[in-house]
$ cat model_15.csv   # CSV, C-alpha atoms
chain,number,residue,atom,x,y,z
A,1,MET,CA,-4.0,2.4,-2.3
A,2,THR,CA,-0.4,2.3,-1.2
A,3,GLU,CA,0.6,1.3,2.3
A,4,ARG,CA,3.7,3.1,3.5
A,5,VAL,CA,6.1,1.4,5.9
A,6,ARG,CA,9.4,2.3,7.5
A,7,VAL,CA,12.1,-0.3,8.2
A,8,LYS,CA,13.2,-0.2,11.8
A,9,SER,CA,16.7,1.1,12.5
A,10,TRP,CA,17.7,-1.7,14.8
A,11,MET,CA,21.3,-2.8,14.5
A,12,PRO,CA,21.3,-6.2,16.3
A,13,PRO,CA,24.1,-8.7,16.0
A,14,GLY,CA,23.4,-12.1,14.4
A,15,HIS,CA,22.0,-13.5,11.2
A,16,ILE,CA,19.8,-10.6,10.0
A,17,ARG,CA,18.2,-10.6,6.5
A,18,THR,CA,17.3,-6.9,6.6
A,19,PRO,CA,20.1,-5.1,4.6
A,20,ALA,CA,21.7,-2.3,6.7
A,21,TYR,CA,21.3,0.1,3.8
A,22,LEU,CA,17.5,-0.1,4.0
A,23,ARG,CA,17.2,0.3,7.8
A,24,GLY,CA,15.4,3.5,8.7
A,25,LYS,CA,14.1,3.9,5.1
A,26,THR,CA,10.5,4.4,4.1
A,27,GLY,CA,8.9,2.6,1.2
A,28,GLU,CA,5.6,1.2,0.0
A,29,ILE,CA,4.4,-2.4,0.1
A,30,GLU,CA,4.8,-4.0,-3.3
A,31,ARG,CA,3.2,-7.3,-2.3
A,32,ARG,CA,2.6,-9.4,0.7
A,33,LEU,CA,4.2,-12.9,0.7
A,34,PRO,CA,3.6,-15.9,2.8
A,35,ALA,CA,5.1,-16.3,6.3
A,36,PHE,CA,8.5,-18.0,6.6
A,37,PRO,CA,10.5,-19.3,9.6
A,38,ASN,CA,12.3,-16.4,11.2
A,39,PRO,CA,15.9,-16.7,10.0
A,40,GLU,CA,17.2,-14.8,13.0
A,41,LEU,CA,16.3,-17.8,15.1
A,42,LEU,CA,16.4,-20.5,12.4
A,43,ALA,CA,20.1,-19.8,11.8
A,44,TYR,CA,20.9,-20.8,15.4
A,45,HIS,CA,18.7,-23.9,15.4
A,46,ARG,CA,16.2,-22.3,17.8
A,47,PRO,CA,12.5,-22.8,17.4
A,48,ALA,CA,11.7,-20.3,14.6
A,49,PRO,CA,8.0,-19.3,14.4
A,50,SER,CA,7.0,-18.1,10.9
A,51,VAL,CA,6.8,-14.4,10.3
A,52,PRO,CA,5.0,-12.8,7.3
A,53,LEU,CA,7.4,-11.6,4.6
A,54,VAL,CA,6.7,-8.3,2.8
A,55,ARG,CA,8.1,-7.0,-0.5
A,56,VAL,CA,8.8,-3.3,0.0
A,57,ARG,CA,9.6,-0.8,-2.8
A,58,PHE,CA,11.9,2.1,-2.1
A,59,THR,CA,12.9,4.9,-4.4
A,60,MET,CA,16.6,5.4,-5.0
A,61,GLN,CA,16.1,9.0,-3.8
A,62,GLU,CA,14.8,7.6,-0.4
A,63,VAL,CA,17.7,5.2,-0.1
A,64,TRP,CA,20.6,7.2,-1.4
A,65,GLY,CA,19.4,10.8,-1.1
A,66,ALA,CA,20.7,13.5,-3.4
A,67,GLU,CA,23.5,11.2,-4.7
A,68,ALA,CA,21.0,8.7,-6.2
A,69,GLU,CA,22.0,7.7,-9.7
A,70,GLY,CA,18.4,7.7,-10.9
A,71,PRO,CA,16.1,9.2,-8.3
A,72,ASP,CA,13.0,7.6,-9.6
A,73,ASP,CA,14.4,4.2,-10.1
A,74,VAL,CA,13.5,1.8,-7.3
A,75,ILE,CA,14.9,-1.0,-5.1
A,76,GLU,CA,12.6,-3.7,-3.9
A,77,ALA,CA,13.5,-6.1,-1.1
A,78,GLU,CA,11.8,-8.7,1.1
A,79,ILE,CA,11.6,-7.6,4.7
A,80,PHE,CA,10.2,-9.6,7.6
A,81,ALA,CA,7.1,-8.0,9.1
A,82,HIS,CA,8.6,-7.5,12.6
A,83,TRP,CA,11.1,-5.1,11.0
A,84,LEU,CA,8.4,-2.8,9.6
A,85,GLU,CA,6.3,-0.1,11.1
A,86,THR,CA,3.4,1.7,9.4
A,87,VAL,CA,3.8,5.3,8.3
A,88,PRO,CA,0.8,7.5,8.0
A,89,GLU,CA,-0.2,8.5,4.5
A,90,GLU,CA,1.6,11.6,3.3
A,91,PRO,CA,-0.9,14.4,2.4
A,92,GLN,CA,0.7,15.2,-0.9
A,93,ASP,CA,2.2,12.5,-3.1
A,94,ALA,CA,4.5,13.5,-6.0
A,95,PRO,CA,3.1,12.3,-9.3
B,1,MET,CA,34.5,-8.3,-15.1
B,2,PRO,CA,37.8,-10.2,-14.6
B,3,HIS,CA,38.7,-11.9,-17.8
B,4,ASP,CA,41.9,-13.7,-18.6
B,5,HIS,CA,43.0,-13.1,-22.2
B,6,SER,CA,45.9,-15.6,-22.2
B,7,PRO,CA,45.3,-18.6,-24.5
B,8,HIS,CA,45.3,-21.1,-21.6
B,9,PRO,CA,42.7,-20.9,-18.9
B,10,HIS,CA,44.5,-20.5,-15.7
B,11,ARG,CA,43.4,-20.8,-12.1
B,12,PRO,CA,46.1,-20.4,-9.4
B,13,ASP,CA,47.0,-23.5,-7.5
B,14,GLN,CA,45.5,-23.7,-4.1
B,15,ASP,CA,48.6,-24.4,-2.1
B,16,GLY,CA,47.5,-22.6,1.1
B,17,PRO,CA,46.3,-24.4,4.2
B,18,LEU,CA,42.6,-25.4,4.4
B,19,THR,CA,40.3,-22.8,5.9
B,20,ASP,CA,38.4,-23.6,9.0
B,21,ALA,CA,35.2,-23.9,6.9
B,22,GLN,CA,36.9,-26.4,4.6
B,23,ILE,CA,38.1,-28.5,7.5
B,24,THR,CA,34.6,-28.5,9.0
B,25,GLU,CA,33.0,-29.6,5.8
B,26,ILE,CA,35.5,-32.5,5.3
B,27,ALA,CA,35.0,-33.6,9.0
B,28,ILE,CA,31.2,-33.5,8.8
B,29,ARG,CA,31.1,-35.2,5.4
B,30,GLU,CA,33.4,-38.0,6.6
B,31,LEU,CA,31.5,-38.5,9.8
B,32,LEU,CA,28.1,-38.7,7.9
B,33,ILE,CA,29.6,-41.3,5.6
B,34,GLU,CA,31.2,-43.3,8.5
B,35,LYS,CA,27.9,-43.3,10.4
B,36,GLY,CA,26.1,-44.6,7.3
B,37,ILE,CA,23.9,-41.5,7.1
B,38,THR,CA,25.0,-40.8,3.5
B,39,THR,CA,27.5,-42.3,1.1
B,40,ALA,CA,30.3,-40.8,-1.0
B,41,ALA,CA,28.3,-41.9,-4.1
B,42,GLU,CA,25.3,-39.8,-2.9
B,43,VAL,CA,27.4,-36.8,-2.3
B,44,THR,CA,28.9,-37.1,-5.8
B,45,ALA,CA,25.4,-37.6,-7.3
B,46,GLU,CA,24.2,-34.4,-5.6
B,47,VAL,CA,27.1,-32.4,-6.9
B,48,ALA,CA,26.4,-33.8,-10.4
B,49,THR,CA,22.8,-32.8,-10.1
B,50,MET,CA,23.8,-29.3,-9.2
B,51,ASP,CA,26.3,-29.1,-12.0
B,52,ALA,CA,23.8,-30.4,-14.5
B,53,ARG,CA,21.3,-27.6,-14.0
B,54,THR,CA,21.5,-25.0,-16.8
B,55,PRO,CA,19.7,-21.8,-17.7
B,56,ALA,CA,17.7,-23.9,-20.3
B,57,GLN,CA,15.0,-24.5,-17.7
B,58,GLY,CA,14.5,-20.8,-17.1
B,59,ALA,CA,14.6,-20.2,-20.9
B,60,ARG,CA,11.8,-22.7,-21.4
B,61,VAL,CA,9.7,-20.8,-18.8
B,62,VAL,CA,10.3,-17.5,-20.5
B,63,ALA,CA,9.6,-18.8,-24.0
B,64,HIS,CA,6.3,-20.3,-22.8
B,65,ALA,CA,5.4,-17.0,-21.2
B,66,TRP,CA,6.1,-15.2,-24.5
B,67,THR,CA,3.8,-17.4,-26.4
B,68,ASP,CA,1.0,-17.9,-23.9
B,69,GLU,CA,-0.5,-14.7,-22.4
B,70,ALA,CA,-2.6,-16.6,-19.8
B,71,PHE,CA,0.5,-18.6,-18.6
B,72,LYS,CA,2.4,-15.3,-18.3
B,73,SER,CA,-0.3,-13.9,-16.0
B,74,ARG,CA,-0.2,-17.0,-13.9
B,75,LEU,CA,3.7,-16.9,-13.8
B,76,LEU,CA,3.6,-13.2,-12.6
B,77,ALA,CA,0.9,-14.0,-10.0
B,78,ASP,CA,2.6,-17.2,-8.6
B,79,GLY,CA,6.0,-18.1,-10.2
B,80,THR,CA,6.4,-21.3,-8.2
B,81,ALA,CA,3.1,-22.8,-9.2
B,82,ALA,CA,3.5,-21.7,-12.9
B,83,CYS,CA,6.9,-23.5,-13.2
B,84,GLU,CA,5.5,-26.6,-11.5
B,85,GLU,CA,2.8,-26.5,-14.2
B,86,LEU,CA,5.5,-27.0,-16.8
B,87,GLY,CA,6.8,-30.0,-14.8
B,88,ILE,CA,9.8,-28.2,-13.4
B,89,GLU,CA,11.0,-29.6,-10.0
B,90,MET,CA,11.0,-26.5,-7.8
B,91,GLY,CA,11.8,-28.2,-4.4
B,92,THR,CA,12.0,-25.4,-1.8
B,93,LEU,CA,12.4,-22.7,-4.4
B,94,LYS,CA,9.8,-19.9,-4.1
B,95,LEU,CA,9.8,-17.8,-7.3
B,96,VAL,CA,8.8,-14.3,-8.2
B,97,ALA,CA,8.8,-13.6,-11.9
B,98,LEU,CA,9.3,-10.0,-13.1
B,99,GLU,CA,8.4,-8.8,-16.5
B,100,ASN,CA,10.5,-6.3,-18.5
B,101,THR,CA,8.3,-3.8,-20.4
B,102,GLU,CA,8.9,-0.9,-22.8
B,103,THR,CA,9.1,1.4,-19.7
B,104,GLU,CA,10.6,-0.8,-17.0
B,105,HIS,CA,13.7,-2.9,-16.7
B,106,ASN,CA,14.3,-5.4,-13.9
B,107,VAL,CA,17.6,-6.5,-12.5
B,108,VAL,CA,18.3,-9.0,-9.7
B,109,VAL,CA,21.0,-9.0,-7.0
B,110,CYS,CA,21.5,-10.5,-3.6
B,111,THR,CA,23.4,-8.0,-1.5
B,112,LEU,CA,23.6,-10.3,1.6
B,113,CYS,CA,25.0,-13.4,-0.1
B,114,SER,CA,24.3,-14.9,-3.5
B,115,CYS,CA,20.7,-16.2,-3.6
B,116,TYR,CA,19.9,-17.4,-7.1
B,117,PRO,CA,17.1,-19.5,-8.7
B,118,ARG,CA,19.4,-22.5,-9.3
B,119,ASN,CA,16.7,-24.9,-10.4
B,120,LEU,CA,16.0,-22.5,-13.3
B,121,LEU,CA,19.4,-21.0,-14.0
B,122,GLY,CA,21.9,-23.5,-12.8
B,123,LEU,CA,24.9,-22.3,-10.7
B,124,PRO,CA,25.4,-18.5,-10.5
B,125,PRO,CA,28.2,-16.9,-12.4
B,126,ASP,CA,31.2,-15.8,-10.3
B,127,TRP,CA,30.5,-12.1,-10.9
B,128,TYR,CA,27.0,-12.5,-9.4
B,129,LYS,CA,28.7,-13.5,-6.1
B,130,SER,CA,31.3,-10.7,-6.2
B,131,ARG,CA,31.2,-7.9,-3.7
B,132,ALA,CA,31.4,-5.4,-6.5
B,133,TYR,CA,28.2,-6.6,-8.3
B,134,ARG,CA,26.4,-7.1,-5.0
B,135,SER,CA,27.2,-3.7,-3.6
B,136,ARG,CA,27.1,-1.6,-6.8
B,137,THR,CA,23.9,-2.9,-8.3
B,138,VAL,CA,21.7,-1.4,-5.6
B,139,ARG,CA,23.8,1.8,-5.6
B,140,GLU,CA,24.4,2.5,-9.3
B,141,PRO,CA,22.5,-0.1,-11.4
B,142,ARG,CA,22.6,1.9,-14.6
B,143,ALA,CA,26.4,2.1,-14.4
B,144,VAL,CA,26.6,-1.7,-13.8
B,145,LEU,CA,24.2,-2.4,-16.7
B,146,GLN,CA,26.3,-0.1,-18.9
B,147,GLU,CA,29.4,-2.3,-18.1
B,148,PHE,CA,27.4,-5.3,-19.2
B,149,GLY,CA,26.8,-3.5,-22.5
B,150,THR,CA,23.2,-2.7,-21.6
B,151,THR,CA,22.1,0.9,-22.3
B,152,LEU,CA,18.5,1.5,-21.6
B,153,PRO,CA,16.5,3.7,-23.9
B,154,GLU,CA,15.3,7.0,-22.7
B,155,GLY,CA,12.2,6.7,-20.5
B,156,VAL,CA,12.9,3.2,-19.2
B,157,SER,CA,13.0,3.1,-15.4
B,158,VAL,CA,15.1,0.5,-13.4
B,159,ARG,CA,13.7,-1.8,-10.8
B,160,VAL,CA,16.4,-3.5,-8.7
B,161,HIS,CA,15.4,-6.5,-6.8
B,162,ASP,CA,17.4,-7.4,-3.7
B,163,SER,CA,16.9,-11.1,-3.0
B,164,THR,CA,17.1,-10.7,0.8
B,165,ALA,CA,15.1,-13.5,2.2
B,166,ASP,CA,13.1,-16.6,0.9
B,167,MET,CA,12.1,-15.6,-2.6
B,168,ARG,CA,14.1,-16.1,-5.8
B,169,TYR,CA,13.7,-14.0,-8.9
B,170,LEU,CA,13.4,-14.6,-12.6
B,171,VAL,CA,13.3,-11.7,-15.1
B,172,ILE,CA,11.1,-12.2,-18.2
B,173,PRO,CA,13.0,-10.3,-20.8
B,174,LEU,CA,11.3,-8.3,-23.6
B,175,GLN,CA,10.7,-10.6,-26.6
B,176,PRO,CA,12.9,-9.3,-29.4
B,177,SER,CA,10.9,-7.9,-32.3
B,178,GLY,CA,10.8,-10.0,-35.4
B,179,THR,CA,10.7,-13.3,-33.5
B,180,GLU,CA,7.0,-13.9,-33.6
B,181,HIS,CA,7.3,-16.6,-36.2
B,182,LEU,CA,9.5,-18.8,-34.0
B,183,ASP,CA,8.2,-21.8,-32.1
B,184,GLU,CA,8.8,-22.2,-28.4
B,185,ALA,CA,12.0,-24.1,-28.8
B,186,GLY,CA,13.3,-21.5,-31.2
B,187,LEU,CA,12.4,-18.7,-28.8
B,188,ALA,CA,13.9,-20.5,-25.8
B,189,ALA,CA,17.2,-20.6,-27.7
B,190,LEU,CA,17.3,-16.8,-27.7
B,191,VAL,CA,16.9,-16.5,-23.9
B,192,THR,CA,20.2,-16.0,-22.1
B,193,ARG,CA,21.1,-16.4,-18.5
B,194,ASP,CA,22.1,-12.8,-18.2
B,195,GLY,CA,18.8,-11.7,-19.7
B,196,MET,CA,17.0,-13.7,-17.0
B,197,ILE,CA,19.2,-12.0,-14.3
B,198,GLY,CA,18.4,-8.7,-15.9
B,199,VAL,CA,21.9,-7.5,-16.7
B,200,SER,CA,21.4,-7.9,-20.4
B,201,ARG,CA,18.6,-7.3,-22.9
B,202,ILE,CA,17.9,-9.8,-25.6
$ encode --input "model_15.csv" --output "structure tokens"
Amino acid sequence: MTERVRVKSWMPPGHIRTPAYLRGKTGEIERRLPAFPNPELLAYHRPAPSVPLVRVRFTMQEVWGAEAEGPDDVIEAEIFAHWLETVPEEPQDAP
Amino acid sequence: MPHDHSPHPHRPDQDGPLTDAQITEIAIRELLIEKGITTAAEVTAEVATMDARTPAQGARVVAHAWTDEAFKSRLLADGTAACEELGIEMGTLKLVALENTETEHNVVVCTLCSCYPRNLLGLPPDWYKSRAYRSRTVREPRAVLQEFGTTLPEGVSVRVHDSTADMRYLVIPLQPSGTEHLDEAGLAALVTRDGMIGVSRI
């Protein structure tokens, strides 16, 4: 069963490890990784509680729209959990 | 990729003033040495350790995965633990291994900086750190692969891995056909750095 998630569209300043091109995009969880110290705080020598890291898979179609080079090719990236929100299951899933 | 065809390798002299980052590095290094926290010899030794790392470590991991199915499963499940099993010093490196198959090709990029599994592959090539590779690989990976001379057969999909946070990535290339008779050292000699980044097939 796939879990769908959307990357938040925040555009905060600072040391952010969520690439801008993936913000607002929806993908599915490829695997869950351990928690790592939050780089957004760690980079500034502040106390940085660990946040779970998640590998999310996006289709090229989702990321680049109609201009995608190979619509069914995928991009996977590690996104910290606080950047993700769950998306309800879509009723029909393309094969 | 930039390539100088003149007979003598040439790198422009760096006659410009030091950048702020360079001045900061020199100041911090000199202070650390003056305060006895480190020594110039330790700094030199660390640079030598970094320079001494080569893709041979990664090639050894790939060759072992090719010859030992159970090891390959462990490598795919937990890359870090599997490499430690082979006696490789992983330090803080957390590894995800990705297997190329007849229907799937993996390629690794770091769009935000130049994250790279240095313990396994040594220092990254200059092109890996270039803005062109970092921005284009997520946008048009097939065109980038083509420029590396890699044309994927019909029916092979591309998985691009953007190394955005704490994990590092190693591609396990497809074992070339006709190499089944080779021993592990022979197989390791076939495995290239570019194959383990995913820009080439072997």
$ residues_around --input "model_15.csv" --residues "Asp51 in chain B" --least-positions-apart "2" --cutoff "12 Å" --atoms "only C-alpha atoms" --output "list of chain:residue names"
B:Thr44, B:Ala45, B:Glu46, B:Val47, B:Ala48, B:Thr49, B:Arg53, B:Thr54, B:Pro55, B:Arg118, B:Asn119, B:Leu121, B:Gly122, B:Leu123, B:Pro124
$ residues_around --input "model_15.csv" --residues "range 16-22 of chain A" --least-positions-apart "3" --cutoff "6 Å" --atoms "all atoms listed in the file" --output "list in words"
Lys25 and Glu40 of chain A; Thr164 of chain B
$ residues_around --input "model_15.csv" --residues "range 53-63 of chain A" --least-positions-apart "4" --cutoff "9 Å" --atoms "all atoms listed in the file" --output "PyMOL selection string"
(chain A and resi 4-5+21-22+25-36+67-81+84) or (chain B and resi 138-139+165-166)
$ closest_residue --input "model_15.csv" --among "A:Arg46, A:Glu89, A:His82, A:Pro37" --to "chain B" --atoms "all atoms listed in the file"
A:Pro37
$ closest_residue --input "model_15.csv" --among "B:Leu182, B:Val199, B:Ala65, B:Ala143" --to "chain A" --atoms "all atoms listed in the file"
B:Ala143
$ closest_residue --input "model_15.csv" --among "B:Asp13, B:Thr24, B:Arg201, B:Glu99" --to "Gln146 in chain B" --atoms "all atoms listed in the file"
B:Arg201
$ atom_distance --input "model_15.csv" --atom1 "CA of Gly24 in chain A" --atom2 "CA of Glu3 in chain A"
16.3 Å
$ interface_residues --input "model_15.csv" --of "chain B" --to "chain A" --cutoff "7 Å" --atoms "all atoms listed in the file" --output "PyMOL selection string"
chain B and resi 112+138+140+157-165
$ atom_distance --input "model_15.csv" --atom1 "CA of Lys94 in chain B" --atom2 "CA of Asp78 in chain B"
8.9 Å
$ residues_near_point --input "model_15.csv" --point "(4.6, -21.7, -11.3)" --cutoff "12 Å" --atoms "all atoms listed in the file" --output "JSON, numbers by chain"
{"B": [58, 61, 62, 64, 65, 71, 72, 73, 74, 75, 76, 77, 78, 79, 80, 81, 82, 83, 84, 85, 86, 87, 88, 89, 90, 91, 93, 94, 95, 96, 97, 120, 170]}
$ closest_atom_pairs --input "model_15.csv" --of "range 28-120 of chain B" --to "range 183-190 of chain B" --cutoff "6 Å" --atoms "all atoms listed in the file" --output "JSON lines"
{"residue": "B:Ala59", "atom": "CA", "partner": "B:Ala188", "partner_atom": "CA", "distance": 5.0}
{"residue": "B:Arg60", "atom": "CA", "partner": "B:Ala188", "partner_atom": "CA", "distance": 5.3}
{"residue": "B:Ala63", "atom": "CA", "partner": "B:Ala188", "partner_atom": "CA", "distance": 5.0}
$ atom_distance --input "model_15.csv" --atom1 "CA of Pro88 in chain A" --atom2 "CA of Ser9 in chain A"
17.7 Å
$ build_atoms --input "model_15.csv" --residues "range 114-149 of chain B" --atoms "N, CA and C atoms" --output "PDB file, in the coordinates of the input"
ATOM      1  N   SER B 114      24.347 -14.706  -2.060  1.00  0.00           N
ATOM      2  CA  SER B 114      24.300 -14.900  -3.500  1.00  0.00           C
ATOM      3  C   SER B 114      23.099 -15.762  -3.881  1.00  0.00           C
ATOM      4  N   CYS B 115      21.940 -15.456  -3.269  1.00  0.00           N
ATOM      5  CA  CYS B 115      20.700 -16.200  -3.600  1.00  0.00           C
ATOM      6  C   CYS B 115      20.431 -16.133  -5.067  1.00  0.00           C
ATOM      7  N   TYR B 116      19.996 -17.255  -5.610  1.00  0.00           N
ATOM      8  CA  TYR B 116      19.900 -17.400  -7.100  1.00  0.00           C
ATOM      9  C   TYR B 116      18.942 -18.545  -7.354  1.00  0.00           C
ATOM     10  N   PRO B 117      18.089 -18.450  -8.386  1.00  0.00           N
ATOM     11  CA  PRO B 117      17.100 -19.500  -8.700  1.00  0.00           C
ATOM     12  C   PRO B 117      17.812 -20.684  -9.402  1.00  0.00           C
ATOM     13  N   ARG B 118      18.567 -21.499  -8.664  1.00  0.00           N
ATOM     14  CA  ARG B 118      19.400 -22.500  -9.300  1.00  0.00           C
ATOM     15  C   ARG B 118      18.668 -23.565 -10.064  1.00  0.00           C
ATOM     16  N   ASN B 119      17.452 -23.905  -9.600  1.00  0.00           N
ATOM     17  CA  ASN B 119      16.700 -24.900 -10.400  1.00  0.00           C
ATOM     18  C   ASN B 119      16.398 -24.418 -11.774  1.00  0.00           C
ATOM     19  N   LEU B 120      16.293 -23.106 -11.949  1.00  0.00           N
ATOM     20  CA  LEU B 120      16.000 -22.500 -13.300  1.00  0.00           C
ATOM     21  C   LEU B 120      17.169 -22.079 -14.035  1.00  0.00           C
ATOM     22  N   LEU B 121      18.217 -21.627 -13.347  1.00  0.00           N
ATOM     23  CA  LEU B 121      19.400 -21.000 -14.000  1.00  0.00           C
ATOM     24  C   LEU B 121      20.677 -21.740 -13.823  1.00  0.00           C
ATOM     25  N   GLY B 122      20.683 -22.797 -13.026  1.00  0.00           N
ATOM     26  CA  GLY B 122      21.900 -23.500 -12.800  1.00  0.00           C
ATOM     27  C   GLY B 122      22.766 -22.741 -11.722  1.00  0.00           C
ATOM     28  N   LEU B 123      24.066 -22.980 -11.709  1.00  0.00           N
ATOM     29  CA  LEU B 123      24.900 -22.300 -10.700  1.00  0.00           C
ATOM     30  C   LEU B 123      25.117 -20.855 -11.110  1.00  0.00           C
ATOM     31  N   PRO B 124      25.189 -19.954 -10.131  1.00  0.00           N
ATOM     32  CA  PRO B 124      25.400 -18.500 -10.500  1.00  0.00           C
ATOM     33  C   PRO B 124      26.769 -18.272 -11.025  1.00  0.00           C
ATOM     34  N   PRO B 125      26.886 -17.304 -11.943  1.00  0.00           N
ATOM     35  CA  PRO B 125      28.200 -16.900 -12.400  1.00  0.00           C
ATOM     36  C   PRO B 125      29.023 -16.296 -11.292  1.00  0.00           C
ATOM     37  N   ASP B 126      30.348 -16.366 -11.402  1.00  0.00           N
ATOM     38  CA  ASP B 126      31.200 -15.800 -10.300  1.00  0.00           C
ATOM     39  C   ASP B 126      30.917 -14.351 -10.062  1.00  0.00           C
ATOM     40  N   TRP B 127      30.697 -13.574 -11.141  1.00  0.00           N
ATOM     41  CA  TRP B 127      30.500 -12.100 -10.900  1.00  0.00           C
ATOM     42  C   TRP B 127      29.252 -11.866 -10.063  1.00  0.00           C
ATOM     43  N   TYR B 128      28.237 -12.752 -10.157  1.00  0.00           N
ATOM     44  CA  TYR B 128      27.000 -12.500  -9.400  1.00  0.00           C
ATOM     45  C   TYR B 128      27.298 -12.581  -7.886  1.00  0.00           C
ATOM     46  N   LYS B 129      28.352 -13.351  -7.528  1.00  0.00           N
ATOM     47  CA  LYS B 129      28.700 -13.500  -6.100  1.00  0.00           C
ATOM     48  C   LYS B 129      29.733 -12.488  -5.651  1.00  0.00           C
ATOM     49  N   SER B 130      30.236 -11.674  -6.603  1.00  0.00           N
ATOM     50  CA  SER B 130      31.300 -10.700  -6.200  1.00  0.00           C
ATOM     51  C   SER B 130      30.766  -9.582  -5.415  1.00  0.00           C
ATOM     52  N   ARG B 131      31.631  -9.068  -4.543  1.00  0.00           N
ATOM     53  CA  ARG B 131      31.200  -7.900  -3.700  1.00  0.00           C
ATOM     54  C   ARG B 131      30.899  -6.725  -4.573  1.00  0.00           C
ATOM     55  N   ALA B 132      31.630  -6.565  -5.680  1.00  0.00           N
ATOM     56  CA  ALA B 132      31.400  -5.400  -6.500  1.00  0.00           C
ATOM     57  C   ALA B 132      29.974  -5.432  -7.115  1.00  0.00           C
ATOM     58  N   TYR B 133      29.575  -6.558  -7.692  1.00  0.00           N
ATOM     59  CA  TYR B 133      28.200  -6.600  -8.300  1.00  0.00           C
ATOM     60  C   TYR B 133      27.175  -6.462  -7.175  1.00  0.00           C
ATOM     61  N   ARG B 134      27.389  -7.131  -6.036  1.00  0.00           N
ATOM     62  CA  ARG B 134      26.400  -7.100  -5.000  1.00  0.00           C
ATOM     63  C   ARG B 134      26.220  -5.723  -4.367  1.00  0.00           C
ATOM     64  N   SER B 135      27.306  -4.987  -4.230  1.00  0.00           N
ATOM     65  CA  SER B 135      27.200  -3.700  -3.600  1.00  0.00           C
ATOM     66  C   SER B 135      26.806  -2.590  -4.617  1.00  0.00           C
ATOM     67  N   ARG B 136      27.291  -2.696  -5.835  1.00  0.00           N
ATOM     68  CA  ARG B 136      27.100  -1.600  -6.800  1.00  0.00           C
ATOM     69  C   ARG B 136      25.699  -1.665  -7.454  1.00  0.00           C
ATOM     70  N   THR B 137      25.124  -2.854  -7.578  1.00  0.00           N
ATOM     71  CA  THR B 137      23.900  -2.900  -8.300  1.00  0.00           C
ATOM     72  C   THR B 137      22.720  -2.204  -7.605  1.00  0.00           C
ATOM     73  N   VAL B 138      22.769  -2.144  -6.286  1.00  0.00           N
ATOM     74  CA  VAL B 138      21.700  -1.400  -5.600  1.00  0.00           C
ATOM     75  C   VAL B 138      22.054   0.113  -5.559  1.00  0.00           C
ATOM     76  N   ARG B 139      23.331   0.441  -5.742  1.00  0.00           N
ATOM     77  CA  ARG B 139      23.800   1.800  -5.600  1.00  0.00           C
ATOM     78  C   ARG B 139      23.773   2.544  -6.965  1.00  0.00           C
ATOM     79  N   GLU B 140      24.276   1.880  -7.988  1.00  0.00           N
ATOM     80  CA  GLU B 140      24.400   2.500  -9.300  1.00  0.00           C
ATOM     81  C   GLU B 140      24.052   1.471 -10.401  1.00  0.00           C
ATOM     82  N   PRO B 141      22.803   0.999 -10.418  1.00  0.00           N
ATOM     83  CA  PRO B 141      22.500  -0.100 -11.400  1.00  0.00           C
ATOM     84  C   PRO B 141      22.687   0.301 -12.809  1.00  0.00           C
ATOM     85  N   ARG B 142      22.459   1.550 -13.163  1.00  0.00           N
ATOM     86  CA  ARG B 142      22.600   1.900 -14.600  1.00  0.00           C
ATOM     87  C   ARG B 142      24.090   1.845 -15.000  1.00  0.00           C
ATOM     88  N   ALA B 143      24.992   2.206 -14.089  1.00  0.00           N
ATOM     89  CA  ALA B 143      26.400   2.100 -14.400  1.00  0.00           C
ATOM     90  C   ALA B 143      26.804   0.625 -14.553  1.00  0.00           C
ATOM     91  N   VAL B 144      26.267  -0.225 -13.694  1.00  0.00           N
ATOM     92  CA  VAL B 144      26.600  -1.700 -13.800  1.00  0.00           C
ATOM     93  C   VAL B 144      26.026  -2.225 -15.087  1.00  0.00           C
ATOM     94  N   LEU B 145      24.791  -1.873 -15.424  1.00  0.00           N
ATOM     95  CA  LEU B 145      24.200  -2.400 -16.700  1.00  0.00           C
ATOM     96  C   LEU B 145      25.042  -1.932 -17.870  1.00  0.00           C
ATOM     97  N   GLN B 146      25.494  -0.693 -17.814  1.00  0.00           N
ATOM     98  CA  GLN B 146      26.300  -0.100 -18.900  1.00  0.00           C
ATOM     99  C   GLN B 146      27.584  -1.023 -19.088  1.00  0.00           C
ATOM    100  N   GLU B 147      28.172  -1.468 -17.976  1.00  0.00           N
ATOM    101  CA  GLU B 147      29.400  -2.300 -18.100  1.00  0.00           C
ATOM    102  C   GLU B 147      29.076  -3.679 -18.665  1.00  0.00           C
ATOM    103  N   PHE B 148      27.819  -4.105 -18.577  1.00  0.00           N
ATOM    104  CA  PHE B 148      27.400  -5.300 -19.200  1.00  0.00           C
ATOM    105  C   PHE B 148      27.007  -5.086 -20.694  1.00  0.00           C
ATOM    106  N   GLY B 149      27.168  -3.836 -21.126  1.00  0.00           N
ATOM    107  CA  GLY B 149      26.800  -3.500 -22.500  1.00  0.00           C
ATOM    108  C   GLY B 149      25.327  -3.195 -22.661  1.00  0.00           C
TER     109      GLY B 149
END
